[in-house]
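Report on one structure; see the data block that follows.
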Amino acid sequence: MLRSGTTRAVSSAASLSAVLLLAGCGQAPQRPAGGGPPPPSVTVAAPVKRMVTDQDEYVGRFVAIDSVEVRARVSGYLDRIEFADGQLVKQGDLLFVVDKRPFETALDQAKANLSQSRANLSFAEADLQRGTALVDQRTISVQTYDQRIQAKKVAEAAVQAQEAAVRQATLDLEFTELKAPVAGRIGDRRVSPGNLVTGGTAGNTTLLATIVSVDPMRFEFTFDEASYLRYERLAKDGRELASRDAGVTVRLKLLDEADFQHEGRMDFVNNVIDTSSGTIRGRAVLTNADGVFTPGMFARVQVPGSPPYSALLVPDTAIGTEQARKYVLVVDSENTARIKYVTLGQLSGNLRVIKSGIDENDRIVVNGLMRARPNTKVNPQQEGAPPPASPQAKN
């Protein structure tokens with residue numbers, strides 16, 4: 001029994017020695033001299049220096065450059081429709097045909113009246129010519145001669161009136177064919193063949209369809225008075241901003257798009273500020289070759305709000321919030337995390353413009369912001385550097 005207990009004691013001592021030996025070979029992490037946990041590891045990076053331009057964002061709608069209501073100029077029964085609802089049409093394409101037969105009859109009658117008037121004019125001219133010789137011989141009185149002159153003038157006026165009637169009848173016949181006044185996309189037909197169409201220039205004419213131009217397309221939006229003053233004053237300094245005469249490039253994105261990928265140019269700023277809203281209307285023009293933009297569609301537009309300037313940018317995820325203030329953590333030369341309060345600018349991709357609060361030599365904590373605490377030590381790792389090699393156990 002004594003020998004067995006001694007054997008167990010020797011075995012326990014040997015196991016304890018082995019554990020201490022392995023610990024001395026580096027398998028257990030070394031703790032700081034104070035015995036606390038090691039400093040948290042964070043990733044740091046210098047701010048990105050880049051030329052940027054502040055962008056102002058507004059919401060607006062697309063508007064067609066040309067929008068035309070197709071209405072008949074003559075009244076009659078609708079005979080044919082020569083388009084499919086919603087199709088693209090070219091300028092001059094035939095759209096509607098009103099029954100031509102009454103207008104063809106009216107034109108024939110006007111031509112007949114013109115022939116009669118011309119015949120009367122020929123007779124009056126011949127009668128006057130005979131009267132000229134007779135009045136010299138005192139065969140007819142001067143009064144009779146004057147009557148023949150008057151008859152010739154009346155016949156000439158009648159010819160002119162009938163010529164005008166022929167031209168009007170010709171126009172009415174041409175107006176029975178309604179052609180597209182502009183190129184664009186036509187809406188649905190409002191009247192079916194066989195219905196009576198009211199034409200003319202009065203307000204009760206029949207609306208047949210509507211055509212809106214497709215390419216290019218306008219985009220209208222409003223901006224506030226303060227922005228208008230800023231644009232105008234910077235433009236007067238020779239800066240290319242959204243003033244009335246600059247024609248600067250703007251970018252748009254649709255409701256289902258993440259980026260501002262469509263480009264256009266400013267072409268108009270209104271001449272008055274709306275007194276009810278304190279805003280002024282601006283307009284840009286964009287190409288629409290694929291026909292995606294539709295009048296009435298919403299979109300967001302980015303307008304250059306400043307001249308290009310050199311700025312510092314940091315990842316947006318590196319920015320913390322302390323009530324109403326924004327800050328970043330900066331690691332100093334002693335590897336201590338320090339708070340720097342910053343003024344934010346616009347977002348450029350995943351980077352945020354920093355207006356003030358940091359300099360280009362700062363080491364910004366870009367990863368591990370939740371692990372680091374202000375005024376405490378950290379273990380900084382440069383972004384993009386390989387991680388430190390883990391210690392290997394010695395045999």
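Convention: chains lettered A, B, ... in structure tokens order; per-chain residue numbering from 1; ligands numbered from 1 as shown.
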- Task: Pick out the residues sitting within 10 Å of Gln346 of chain A, and hand them over as a PyMOL selection string; count only C-alpha atoms, and ignore anything fewer than 2 positions along from it in its own chain.
- Result: chain A and resi 52-56+313+344+348-349+351-355
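The nearest approach to Arg101 of chain A among the residues A:Glu156, A:Glu263, A:Asp127, A:Asp172, with only C-alpha atoms taken into account, belongs to A:Asp172.
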- Residues within 7 Å of Leu196 of chain A, only C-alpha atoms, excluding chain neighbours under 5 positions, as a PyMOL selection string: chain A and resi 76-78
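For the atom pair formed by atom CA of Ala46 of chain A and atom CA of Pro304 of chain A, the distance is 27.0 Å, given to one decimal.
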- Run DSSP on the backbone of this structure and report the residues of segment 198-264 of chain A it assigns to strand (DSSP E), as a PyMOL selection string. chain A and resi 207-212+217-224+249-253+262-264
